[in-house]
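> Coordinates in query21.txt, compact mmCIF, C-alpha atoms, are listed below.
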# COMPACT_ATOMS: atom_id res chain seq x y z
CA MET A 616 8.65 -22.89 0.92
CA LEU A 617 8.75 -24.54 4.34
CA LYS A 618 5.85 -26.96 4.75
CA TRP A 619 4.39 -25.23 7.82
CA MET A 620 4.37 -21.87 5.99
CA LYS A 621 2.36 -23.14 3.03
CA SER A 622 -1.29 -22.24 2.63
CA ALA A 623 -3.50 -24.69 4.52
CA LEU A 624 -5.45 -27.32 2.55
CA GLU A 625 -9.18 -26.99 1.95
CA LYS A 626 -11.50 -28.82 4.33
CA PRO A 627 -15.01 -30.16 3.62
CA VAL A 628 -17.65 -27.47 4.12
CA LYS A 629 -19.65 -27.85 7.33
CA ASP A 630 -23.45 -28.14 7.06
CA ASP A 631 -24.27 -26.15 10.19
CA LYS A 632 -25.34 -22.75 8.81
CA GLU A 633 -25.44 -21.11 12.24
CA HIS A 634 -21.88 -22.27 12.96
CA ILE A 635 -20.72 -21.01 9.56
CA ASN A 636 -22.28 -17.57 10.14
CA HIS A 637 -20.82 -17.29 13.65
CA THR A 638 -17.34 -18.38 12.51
CA TYR A 639 -17.32 -15.97 9.56
CA ARG A 640 -18.44 -12.99 11.66
CA TYR A 641 -15.99 -13.72 14.46
CA TRP A 642 -12.91 -14.16 12.29
CA ARG A 643 -13.68 -11.33 9.86
CA ILE A 644 -13.47 -8.84 12.74
CA HIS A 645 -10.44 -10.44 14.40
CA ILE A 646 -8.53 -10.82 11.14
CA MET A 647 -9.21 -7.16 10.30
CA LEU A 648 -7.96 -6.05 13.73
CA GLY A 649 -4.83 -8.18 13.30
CA MET A 650 -4.08 -6.84 9.81
CA TYR A 651 -4.70 -3.27 10.94
CA ALA A 652 -2.37 -3.44 13.92
CA GLY A 653 0.23 -5.43 11.99
CA TYR A 654 0.44 -3.13 8.98
CA ALA A 655 0.46 -0.01 11.16
CA VAL A 656 3.51 -1.43 12.97
CA TYR A 657 5.15 -2.31 9.63
CA TYR A 658 5.17 1.48 9.15
CA PHE A 659 6.97 1.85 12.52
CA THR A 660 9.92 -0.12 11.15
CA ARG A 661 9.71 1.43 7.68
CA LYS A 662 9.64 5.09 8.68
CA SER A 663 11.73 4.94 11.86
CA PHE A 664 14.88 5.88 9.91
CA ASN A 665 13.28 9.03 8.46
CA TYR A 666 12.60 10.49 11.89
CA VAL A 667 15.92 9.69 13.56
CA MET A 668 17.93 10.71 10.49
CA PRO A 669 18.67 14.34 11.60
CA GLU A 670 20.28 12.99 14.79
CA MET A 671 22.22 10.39 12.78
CA LEU A 672 23.65 13.11 10.54
CA VAL A 673 25.10 14.80 13.60
CA ASN A 674 26.28 11.72 15.51
CA LEU A 675 27.67 9.56 12.69
CA ASN A 676 29.00 12.30 10.41
CA ILE A 677 27.22 10.93 7.33
CA THR A 678 26.09 13.21 4.53
CA VAL A 679 22.69 14.05 3.08
CA ALA A 680 23.81 12.33 -0.15
CA ASP A 681 24.43 9.13 1.84
CA VAL A 682 20.92 9.33 3.26
CA GLY A 683 19.49 9.98 -0.21
CA LEU A 684 21.25 6.91 -1.61
CA MET A 685 19.88 4.76 1.22
CA GLY A 686 16.38 6.05 0.46
CA THR A 687 16.67 5.36 -3.26
CA LEU A 688 17.97 1.82 -2.71
CA PHE A 689 15.17 1.23 -0.19
CA TYR A 690 12.46 2.26 -2.68
CA PHE A 691 13.81 0.06 -5.47
CA MET A 692 14.26 -2.99 -3.23
CA TYR A 693 10.83 -2.47 -1.67
CA GLY A 694 9.18 -2.26 -5.10
CA ALA A 695 10.86 -5.50 -6.21
CA SER A 696 9.96 -7.19 -2.91
CA ARG A 697 6.29 -6.24 -3.30
CA PHE A 698 6.11 -8.43 -6.41
CA ILE A 699 8.33 -11.26 -5.17
CA SER A 700 6.54 -11.47 -1.84
CA GLY A 701 3.21 -11.23 -3.64
CA ILE A 702 3.97 -14.43 -5.55
CA LEU A 703 5.23 -16.17 -2.41
CA SER A 704 2.33 -15.03 -0.22
CA ASP A 705 -0.27 -16.40 -2.65
CA ALA A 706 1.04 -19.88 -1.82
CA ALA A 707 1.70 -19.14 1.88
CA ASN A 708 -0.33 -19.07 5.06
CA PRO A 709 -0.79 -15.31 5.63
CA ARG A 710 -0.66 -15.58 9.43
CA TYR A 711 2.95 -16.77 9.32
CA PHE A 712 4.04 -14.84 6.24
CA MET A 713 2.93 -11.46 7.60
CA GLY A 714 3.97 -12.22 11.17
CA ILE A 715 7.45 -13.51 10.37
CA GLY A 716 8.06 -10.61 8.00
CA LEU A 717 7.25 -8.16 10.80
CA ILE A 718 9.48 -10.02 13.26
CA LEU A 719 12.38 -9.88 10.80
CA THR A 720 11.95 -6.16 10.13
CA GLY A 721 11.97 -5.64 13.91
CA ILE A 722 15.23 -7.55 14.28
CA ILE A 723 16.80 -5.59 11.42
CA ASN A 724 15.73 -2.26 12.99
CA ILE A 725 17.41 -3.29 16.24
CA LEU A 726 20.62 -4.32 14.44
CA PHE A 727 20.50 -1.04 12.50
CA GLY A 728 20.26 0.87 15.78
CA LEU A 729 23.34 -0.96 17.11
CA SER A 730 25.48 -0.20 14.02
CA SER A 731 27.65 2.76 13.04
CA SER A 732 29.34 1.90 9.74
CA LEU A 733 27.66 3.49 6.72
CA TRP A 734 27.95 0.34 4.61
CA VAL A 735 26.56 -1.87 7.38
CA LEU A 736 23.67 0.56 7.84
CA MET A 737 23.01 0.52 4.10
CA VAL A 738 22.96 -3.30 3.94
CA PHE A 739 20.56 -3.51 6.89
CA TRP A 740 18.24 -0.90 5.37
CA ILE A 741 18.11 -2.73 2.03
CA CYS A 742 17.32 -5.97 3.91
CA ASN A 743 14.60 -4.11 5.77
CA ALA A 744 13.10 -3.00 2.45
CA PHE A 745 12.92 -6.64 1.31
CA PHE A 746 11.03 -7.83 4.39
CA GLN A 747 8.83 -4.74 4.38
CA GLY A 748 7.41 -6.19 1.17
CA TRP A 749 5.98 -9.05 3.25
CA GLY A 750 3.41 -6.74 4.82
CA TRP A 751 0.73 -5.88 2.28
CA ALA A 752 0.68 -9.03 0.10
CA PRO A 753 -0.87 -11.27 2.82
CA CYS A 754 -3.34 -8.46 3.60
CA SER A 755 -4.43 -8.53 -0.07
CA LYS A 756 -4.92 -12.29 0.14
CA LEU A 757 -6.97 -12.06 3.33
CA LEU A 758 -9.09 -9.17 2.05
CA THR A 759 -9.98 -11.01 -1.16
CA SER A 760 -10.66 -14.26 0.75
CA TRP A 761 -12.75 -12.97 3.68
CA TYR A 762 -14.56 -9.99 2.10
CA SER A 763 -16.63 -10.15 -1.09
CA ARG A 764 -16.74 -7.84 -4.10
CA ASN A 765 -19.79 -5.76 -3.13
CA GLU A 766 -18.34 -4.86 0.31
CA ARG A 767 -14.60 -5.12 -0.25
CA GLY A 768 -14.09 -1.46 -1.14
CA PHE A 769 -15.05 -0.35 2.37
CA TRP A 770 -13.07 -3.03 4.21
CA TRP A 771 -10.01 -2.65 1.97
CA ALA A 772 -10.16 1.09 2.65
CA VAL A 773 -10.40 0.54 6.41
CA CYS A 774 -7.34 -1.72 6.34
CA ASN A 775 -5.49 0.72 4.09
CA THR A 776 -5.85 3.53 6.65
CA SER A 777 -3.55 1.55 8.98
CA HIS A 778 -0.52 3.09 7.28
CA ASN A 779 -1.93 6.57 7.95
CA VAL A 780 -2.16 5.66 11.64
CA GLY A 781 1.32 4.12 11.70
CA GLY A 782 2.69 7.03 9.68
CA ALA A 783 1.21 9.51 12.18
CA ILE A 784 2.45 7.75 15.34
CA ILE A 785 6.03 6.88 14.36
CA PRO A 786 7.26 10.52 13.98
CA LEU A 787 6.16 11.19 17.56
CA LEU A 788 7.59 7.94 18.94
CA ALA A 789 10.91 7.86 17.05
CA GLY A 790 11.40 11.63 17.27
CA TYR A 791 10.84 11.68 21.03
CA LEU A 792 13.18 8.73 21.64
CA ALA A 793 15.87 10.20 19.37
CA VAL A 794 15.81 13.57 21.16
CA GLN A 795 15.56 12.20 24.70
CA TYR A 796 17.78 9.10 24.53
CA GLY A 797 19.62 9.19 21.19
CA TRP A 798 18.81 8.06 17.67
CA ARG A 799 19.61 4.38 18.39
CA TYR A 800 16.61 4.11 20.72
CA GLY A 801 14.44 5.53 17.93
CA MET A 802 15.30 2.40 15.93
CA ILE A 803 15.51 -0.19 18.72
CA VAL A 804 12.18 0.48 20.46
CA PRO A 805 10.07 0.31 17.24
CA GLY A 806 11.99 -2.89 16.44
CA ILE A 807 10.99 -4.45 19.76
CA ILE A 808 7.35 -3.43 19.22
CA ALA A 809 7.45 -5.05 15.75
CA ILE A 810 8.74 -8.36 17.17
CA VAL A 811 5.96 -8.46 19.78
CA VAL A 812 3.21 -7.62 17.26
CA GLY A 813 4.68 -10.08 14.72
CA CYS A 814 4.35 -12.89 17.26
CA PHE A 815 0.76 -11.76 17.90
CA LEU A 816 -0.01 -12.01 14.14
CA CYS A 817 1.34 -15.56 13.96
CA PHE A 818 -1.02 -16.46 16.79
CA ARG A 819 -4.19 -14.56 15.78
CA LEU A 820 -4.44 -14.40 11.99
CA ARG A 821 -5.97 -17.25 9.98
CA ASP A 822 -5.74 -18.60 6.43
CA ARG A 823 -8.57 -18.71 3.84
CA PRO A 824 -12.13 -19.57 4.89
CA VAL A 825 -12.01 -22.85 2.90
CA SER A 826 -9.10 -24.00 5.09
CA MET A 827 -11.47 -23.80 8.07
CA GLY A 828 -14.32 -25.80 6.55
CA LEU A 829 -16.23 -22.67 5.46
CA PRO A 830 -17.74 -21.90 2.04
CA THR A 831 -16.05 -19.20 -0.04
CA VAL A 832 -17.05 -15.65 0.83
CA GLY A 833 -18.91 -15.24 -2.47
CA TYR A 834 -21.29 -18.09 -1.64
CA TRP A 835 -21.59 -17.05 2.02
CA ARG A 836 -22.69 -13.52 1.03
CA ASP A 837 -24.43 -14.55 -2.20
CA ASP A 838 -22.34 -12.00 -4.12
CA GLN A 839 -22.75 -12.83 -7.82
CA LEU A 840 -19.71 -10.87 -9.03
CA GLU A 841 -17.55 -12.62 -6.44
CA ILE A 842 -18.98 -16.04 -7.32
CA GLU A 843 -18.28 -15.39 -11.01
CA GLN A 844 -14.61 -14.65 -10.29
CA GLU A 845 -14.35 -17.70 -8.04
CA GLN A 846 -15.82 -19.94 -10.73
CA LYS A 847 -13.52 -18.56 -13.42
CA SER A 848 -10.39 -19.00 -11.30
CA ALA A 849 -9.50 -22.58 -12.15
CA LYS A 850 -6.58 -24.18 -10.29
CA LEU A 851 -3.42 -23.52 -12.26
CA PRO A 852 0.37 -23.59 -11.64
CA ILE A 853 1.68 -20.27 -10.37
CA MET A 854 3.70 -19.50 -13.53
CA GLU A 855 0.62 -20.14 -15.68
CA ILE A 856 -1.41 -17.78 -13.47
CA LEU A 857 1.28 -15.09 -13.79
CA LYS A 858 1.44 -15.48 -17.56
CA ARG A 859 -2.31 -15.53 -18.25
CA TYR A 860 -3.72 -13.26 -15.57
CA ILE A 861 -0.95 -10.73 -14.91
CA PHE A 862 1.77 -10.46 -17.56
CA THR A 863 -0.70 -10.58 -20.48
CA ASN A 864 -3.56 -8.84 -18.67
CA LYS A 865 -4.13 -5.50 -20.44
CA TYR A 866 -6.34 -4.33 -17.58
CA ILE A 867 -3.53 -4.72 -15.04
CA TRP A 868 -0.97 -3.07 -17.35
CA LEU A 869 -3.14 0.04 -17.66
CA LEU A 870 -3.64 0.10 -13.88
CA ALA A 871 0.11 -0.33 -13.32
CA ILE A 872 1.13 2.54 -15.63
CA SER A 873 -1.54 4.74 -14.07
CA TYR A 874 -0.04 3.84 -10.67
CA VAL A 875 3.32 5.34 -11.73
CA PHE A 876 1.70 8.75 -12.15
CA VAL A 877 -0.34 8.48 -8.93
CA TYR A 878 2.83 7.84 -6.93
CA ILE A 879 4.72 10.70 -8.59
CA VAL A 880 2.06 13.07 -7.27
CA ARG A 881 1.72 11.41 -3.84
CA ILE A 882 5.45 11.16 -3.05
CA GLY A 883 6.19 14.47 -4.78
CA ILE A 884 3.79 16.36 -2.51
CA ASN A 885 4.81 14.36 0.55
CA ASP A 886 8.58 14.83 0.08
CA TRP A 887 8.67 18.36 -1.31
CA GLY A 888 5.59 19.98 0.25
CA ASN A 889 7.31 21.27 3.38
CA LEU A 890 10.15 22.78 1.32
CA TYR A 891 7.55 24.57 -0.83
CA LEU A 892 5.98 26.16 2.26
CA VAL A 893 9.38 27.14 3.67
CA LYS A 894 10.62 28.70 0.42
CA ASN A 895 7.42 30.24 -0.96
CA HIS A 896 5.55 31.18 2.22
CA ASN A 897 8.49 31.63 4.60
CA TYR A 898 7.16 29.12 7.14
CA SER A 899 9.42 27.64 9.78
CA LEU A 900 10.16 23.93 9.32
CA VAL A 901 7.97 23.02 12.30
CA LYS A 902 5.06 25.07 10.95
CA ALA A 903 5.47 23.59 7.46
CA ASN A 904 5.57 20.03 8.81
CA SER A 905 2.44 20.64 10.88
CA ALA A 906 0.61 21.74 7.72
CA LEU A 907 1.88 18.63 5.94
CA THR A 908 0.37 16.35 8.60
CA MET A 909 -3.01 17.30 7.13
CA LEU A 910 -2.03 15.16 4.14
CA GLU A 911 -2.27 12.01 6.32
CA ILE A 912 -5.49 13.12 8.02
CA GLY A 913 -7.10 13.87 4.66
CA GLY A 914 -5.81 10.53 3.36
CA PHE A 915 -7.41 8.63 6.25
CA ILE A 916 -10.85 10.08 5.50
CA GLY A 917 -10.51 10.01 1.71
CA THR A 918 -9.51 6.34 1.67
CA ILE A 919 -12.69 5.36 3.54
CA VAL A 920 -14.88 7.53 1.27
CA ALA A 921 -13.26 6.13 -1.89
CA GLY A 922 -13.74 2.51 -0.82
CA TRP A 923 -17.29 3.02 0.40
CA GLY A 924 -18.24 5.03 -2.70
CA SER A 925 -16.90 2.41 -5.12
CA ASP A 926 -19.06 -0.20 -3.35
CA LYS A 927 -22.28 1.78 -2.97
CA LEU A 928 -22.25 4.17 -5.92
CA PHE A 929 -20.64 1.96 -8.59
CA SER A 930 -21.43 -1.59 -7.38
CA GLY A 931 -17.80 -2.62 -6.95
CA ASN A 932 -16.46 -0.93 -10.10
CA ARG A 933 -13.35 0.90 -8.86
CA VAL A 934 -12.52 2.91 -11.99
CA PRO A 935 -15.23 5.65 -11.95
CA MET A 936 -14.39 6.53 -8.33
CA ASN A 937 -10.71 6.62 -9.30
CA ILE A 938 -11.38 9.16 -12.04
CA ILE A 939 -13.54 11.33 -9.76
CA PHE A 940 -10.76 11.40 -7.17
CA MET A 941 -8.13 12.20 -9.79
CA ALA A 942 -10.16 15.24 -10.82
CA GLY A 943 -10.06 16.20 -7.14
CA ILE A 944 -6.27 15.80 -7.09
CA PHE A 945 -5.91 18.02 -10.15
CA PHE A 946 -7.94 20.90 -8.70
CA SER A 947 -6.40 20.57 -5.22
CA VAL A 948 -2.86 20.73 -6.60
CA LEU A 949 -3.88 23.61 -8.89
CA PHE A 950 -5.29 25.57 -5.94
CA LEU A 951 -2.12 25.03 -3.87
CA TRP A 952 -0.02 26.16 -6.84
CA LEU A 953 -2.04 29.33 -7.53
CA LEU A 954 -2.62 30.25 -3.87
CA ARG A 955 -0.71 33.49 -3.33
CA ILE A 956 -2.00 34.19 0.20
CA ASP A 957 0.24 33.32 3.16
CA SER A 958 -2.65 31.77 5.04
CA TYR A 959 -1.69 28.78 7.16
CA PHE A 960 -5.31 27.63 7.25
CA LEU A 961 -5.73 27.67 3.45
CA ASN A 962 -2.41 25.94 2.81
CA ALA A 963 -3.18 23.25 5.39
CA ALA A 964 -6.63 22.85 3.80
CA CYS A 965 -4.95 22.32 0.41
CA PHE A 966 -2.78 19.55 1.84
CA PHE A 967 -5.83 18.02 3.49
CA ALA A 968 -7.68 18.04 0.14
CA ILE A 969 -4.71 16.57 -1.75
CA GLY A 970 -4.39 13.82 0.88
CA PHE A 971 -8.14 13.17 0.73
CA PHE A 972 -8.05 12.63 -3.03
CA ILE A 973 -4.60 11.04 -3.53
CA PHE A 974 -4.90 8.13 -1.12
CA GLY A 975 -8.16 6.97 -2.71
CA PRO A 976 -6.63 6.10 -6.12
CA GLN A 977 -3.57 4.65 -4.40
CA MET A 978 -5.84 2.17 -2.63
CA LEU A 979 -8.39 1.61 -5.43
CA ILE A 980 -5.85 0.81 -8.15
CA GLY A 981 -4.27 -1.93 -6.05
CA MET A 982 -7.70 -3.37 -5.23
CA ALA A 983 -8.82 -3.23 -8.87
CA ALA A 984 -5.68 -5.16 -9.85
CA ALA A 985 -6.43 -7.90 -7.30
CA GLU A 986 -10.03 -8.15 -8.48
CA SER A 987 -9.12 -8.36 -12.16
CA ALA A 988 -6.64 -11.21 -11.70
CA HIS A 989 -6.98 -14.87 -10.77
CA LYS A 990 -8.60 -15.43 -7.38
CA ASP A 991 -5.39 -17.09 -6.14
CA SER A 992 -3.06 -14.31 -7.30
CA ALA A 993 -4.19 -11.25 -5.30
CA GLY A 994 -0.74 -10.83 -3.76
CA ALA A 995 1.08 -11.13 -7.08
CA ALA A 996 -1.35 -8.71 -8.79
CA THR A 997 -1.01 -6.01 -6.14
CA GLY A 998 2.73 -6.65 -6.01
CA PHE A 999 3.04 -6.21 -9.78
CA VAL A 1000 1.33 -2.82 -9.82
CA GLY A 1001 3.32 -1.99 -6.66
CA ILE A 1002 6.55 -2.25 -8.68
CA PHE A 1003 5.26 0.52 -10.93
CA GLY A 1004 4.06 2.57 -7.96
CA TYR A 1005 7.52 2.61 -6.44
CA LEU A 1006 9.04 3.38 -9.83
CA GLY A 1007 6.88 6.51 -9.62
CA ALA A 1008 8.16 7.08 -6.08
CA GLY A 1009 11.71 6.93 -7.42
CA LEU A 1010 10.86 9.39 -10.21
CA SER A 1011 9.58 11.86 -7.63
CA GLY A 1012 13.07 12.06 -6.14
CA TRP A 1013 16.06 13.02 -8.29
CA PRO A 1014 14.12 13.67 -11.58
CA LEU A 1015 11.59 15.91 -9.85
CA ALA A 1016 14.44 17.65 -8.04
CA LYS A 1017 16.01 18.47 -11.43
CA VAL A 1018 12.68 19.87 -12.67
CA LEU A 1019 12.56 22.02 -9.54
CA GLU A 1020 16.15 23.15 -10.06
CA ILE A 1021 15.64 24.15 -13.72
CA TRP A 1022 11.99 25.31 -13.89
CA HIS A 1023 11.40 26.06 -10.20
CA TRP A 1024 8.00 25.59 -8.54
CA ASN A 1025 6.00 26.36 -11.69
CA GLY A 1026 7.73 23.42 -13.39
CA PHE A 1027 7.15 21.25 -10.33
CA PHE A 1028 3.39 21.85 -10.23
CA THR A 1029 3.10 21.60 -14.01
CA VAL A 1030 4.59 18.09 -13.88
CA LEU A 1031 2.22 17.06 -11.08
CA SER A 1032 -0.79 18.42 -12.98
CA ILE A 1033 0.20 16.62 -16.20
CA THR A 1034 0.81 13.30 -14.43
CA THR A 1035 -2.61 13.51 -12.75
CA VAL A 1036 -4.32 13.99 -16.12
CA LEU A 1037 -2.34 11.14 -17.70
CA SER A 1038 -3.25 8.82 -14.84
CA ALA A 1039 -6.97 9.51 -15.35
CA LEU A 1040 -6.75 9.13 -19.15
CA LEU A 1041 -5.17 5.68 -18.81
CA LEU A 1042 -8.18 4.51 -16.79
CA LEU A 1043 -10.85 5.80 -19.18
CA PRO A 1044 -10.84 2.61 -21.33
CA LEU A 1045 -11.64 0.61 -18.17
CA ILE A 1046 -14.51 2.74 -16.91
CA SER A 1047 -17.27 0.30 -17.90
CA LYS A 1048 -15.55 -2.85 -16.59
CA LYS A 1049 -17.18 -4.33 -13.50
CA LYS A 1050 -16.27 -7.90 -14.11
CA ILE A 1051 -13.23 -9.91 -15.09
CA PRO A 1052 -11.99 -8.71 -18.49
CA THR A 1053 -13.51 -10.50 -21.49
CA PHE A 1054 -10.22 -11.97 -22.67
CA GLN A 1055 -9.88 -13.71 -19.31
CA LYS A 1056 -13.35 -15.24 -19.76
CA GLN A 1057 -12.20 -16.68 -23.07
CA GLN A 1058 -9.14 -18.14 -21.36
CA PHE A 1059 -11.42 -19.77 -18.81
CA ILE A 1060 -13.54 -21.32 -21.56
CA GLU A 1061 -10.42 -22.64 -23.29
CA GLU A 1062 -9.19 -24.17 -20.03
CA LYS A 1063 -12.49 -26.00 -19.55
CA GLN A 1064 -12.45 -27.26 -23.13
CA GLY A 1065 -8.84 -28.40 -22.83
CA ILE A 1066 -7.61 -26.10 -25.59
Rewrite the structure of this file - the entire thing - as structure tokens.

Amino acid sequence: MLKWMKSALEKPVKDDKEHINHTYRYWRIHIMLGMYAGYAVYYFTRKSFNYVMPEMLVNLNITVADVGLMGTLFYFMYGASRFISGILSDAANPRYFMGIGLILTGIINILFGLSSSLWVLMVFWICNAFFQGWGWAPCSKLLTSWYSRNERGFWWAVCNTSHNVGGAIIPLLAGYLAVQYGWRYGMIVPGIIAIVVGCFLCFRLRDRPVSMGLPTVGYWRDDQLEIEQEQKSAKLPIMEILKRYIFTNKYIWLLAISYVFVYIVRIGINDWGNLYLVKNHNYSLVKANSALTMLEIGGFIGTIVAGWGSDKLFSGNRVPMNIIFMAGIFFSVLFLWLLRIDSYFLNAACFFAIGFFIFGPQMLIGMAAAESAHKDSAGAATGFVGIFGYLGAGLSGWPLAKVLEIWHWNGFFTVLSITTVLSALLLLPLISKKKIPTFQKQQFIEEKQGI
């Protein structure tokens, strides 16, 4: 890694308590605002293609199968990038890592908008998927560095809603530009916005508190669970951290497999929900899409409630809130399935409820993975479970389409119901775990004893 991109060195802690408190409060707010704006704009350059695609089909004479292949390759590359970039970001300065990633995705969107060849478009979109992976990993690092265990659920949830905001704005922006000026402008303008915001991130974000002469957030907030994780996270080489705290961490493996099922439900409803309303309730496409927007609105609110609830109701234990929300997913999906009334209000309410409950586990599982790993491997931990999440996203495409083709909508909803139950069952063994798993404590003891 380039020297100037590496994580800044620790500085001696300042003695001035008033200065420490002022610095912490100032940068916690400004870092959150930077992450929020930055990740929302990452969604501009991730989803721009989806909303100019109908115009591209007409203007470039490409097929739906071509678009489907581009989407599949994007998901697989993005999943791999989440893990790779997670490892890199743990050793990087997040202000540059996140900012440069956004600048590069902006440049790629512009080049995509200037291209016409299918193969060139495909190469650019795969490259975009790789740099899209640079978005969330530095956010994970900043959230675990600047916010402690007993408050992190709320702040992680707040930051996580940025993709709901970005996901709600980009259809309007890209769709309007594509209709008024052509699909190329629907790619180029979001790309320009991404470059500007990426430069802003490089200027305004900061590294860890210890690189600014501040105590760790656990000591600043006197959070005992956070202090315990900080004390148990001895300095180790990155490969040793991956081996001990991720690849052999049973806690993270259960979270990761559960994540597969969560994403099958989330992407399945998101990608196939409008078709269900069109086919089963005879809605127009515009009416169906408007009902589906309630998924994002419900997700925005549900994410905040899930994060806040895991802090206040379960003292930072993310698993019980996960299971409660999965029960909500199950009954929301069941109600949508069994609803035989062509009521727009009730169908929209079902999508709102599904969004409310589905985005909570999506956020909480990633956070639980970061909190169960080494303090210096938050990006790698969230990236590792992210691989499994986007495996689930891939399974919600062609495999779920085959289920729909053979067993129709009853088969579709049966699969979603079963995956929701399986996801909850995988988390049951972890329900009592607030702290770092016991086997990791033993590893810490062995490290101290030189075993």
> Closest to Met620 of chain A among A:Phe712, A:Phe966, A:Trp868, A:Tyr800, using all atoms listed in the file?
A:Phe712
> Which residues are close to Arg823 of chain A, i.e. within 7 Å by all atoms listed in the file, leaving aside same-chain residues fewer than 2 positions away? Reply as a ChimeraX atom specification.
/A:757,760,821,825-826
> Write out, as a CSV table (one decimal), in the coordinates of the input, the residues just selected, with C-alpha atoms.

chain,number,residue,atom,x,y,z
A,757,LEU,CA,-7.0,-12.1,3.3
A,760,SER,CA,-10.7,-14.3,0.8
A,821,ARG,CA,-6.0,-17.2,10.0
A,825,VAL,CA,-12.0,-22.8,2.9
A,826,SER,CA,-9.1,-24.0,5.1
> In Å, rounded to a single decimal, give me how far atom CA of Lys756 of chain A is from atom CA of Val934 of chain A.
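Those two atoms sit 20.9 Å apart.
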> So, with all atoms listed in the file as the atoms that count, which of A:Tyr711, A:Phe1003, A:Tyr874, A:Tyr762 lies closest to Thr831 of chain A?
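Ranked by minimum distance to Thr831 of chain A, first place goes to A:Tyr762.
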> Once you count all atoms listed in the file, what closest atom pair and distance in Å to one decimal does each residue of segment 748-854 of chain A within 9 Å of segment 644-668 of chain A have, with rows by chain and rising residue number, as a tab-separated table?

residue	atom	partner	partner_atom	distance
A:Gly750	CA	A:Tyr654	CA	6.3
A:Trp751	CA	A:Tyr654	CA	7.2
A:Pro753	CA	A:Met650	CA	8.9
A:Cys754	CA	A:Met650	CA	6.5
A:Leu757	CA	A:Ile646	CA	8.1
A:Leu758	CA	A:Met647	CA	8.5
A:Trp761	CA	A:Ile646	CA	8.8
A:Trp770	CA	A:Met647	CA	8.3
A:Val773	CA	A:Tyr651	CA	8.2
A:Cys774	CA	A:Tyr651	CA	5.5
A:Asn775	CA	A:Tyr651	CA	8.0
A:Thr776	CA	A:Tyr651	CA	8.1
A:Ser777	CA	A:Ala655	CA	4.8
A:His778	CA	A:Ala655	CA	5.1
A:Asn779	CA	A:Ala655	CA	7.7
A:Val780	CA	A:Ala655	CA	6.3
A:Gly781	CA	A:Ala655	CA	4.3
A:Gly782	CA	A:Tyr658	CA	6.1
A:Ile784	CA	A:Phe659	CA	7.9
A:Ile785	CA	A:Phe659	CA	5.4
A:Pro786	CA	A:Tyr666	CA	5.7
A:Leu787	CA	A:Tyr666	CA	8.6
A:Leu788	CA	A:Ser663	CA	8.7
A:Ala789	CA	A:Ser663	CA	6.0
A:Gly790	CA	A:Tyr666	CA	5.6
A:Leu792	CA	A:Val667	CA	8.6
A:Ala793	CA	A:Val667	CA	5.8
A:Val794	CA	A:Val667	CA	8.5
A:Gly797	CA	A:Val667	CA	8.5
A:Trp798	CA	A:Val667	CA	5.3
A:Arg799	CA	A:Val667	CA	8.1
A:Gly801	CA	A:Val667	CA	6.2
A:Met802	CA	A:Ser663	CA	6.0
A:Pro805	CA	A:Phe659	CA	5.9
A:Gly806	CA	A:Thr660	CA	6.3
A:Ile808	CA	A:Val656	CA	7.6
A:Ala809	CA	A:Val656	CA	6.0
A:Val812	CA	A:Gly653	CA	6.4
A:Gly813	CA	A:Gly653	CA	7.0
A:Phe815	CA	A:Gly649	CA	8.1
A:Leu816	CA	A:Gly649	CA	6.2
A:Arg819	CA	A:Gly649	CA	6.9
A:Leu820	CA	A:Ile646	CA	5.5
A:Arg821	CA	A:Ile646	CA	7.0
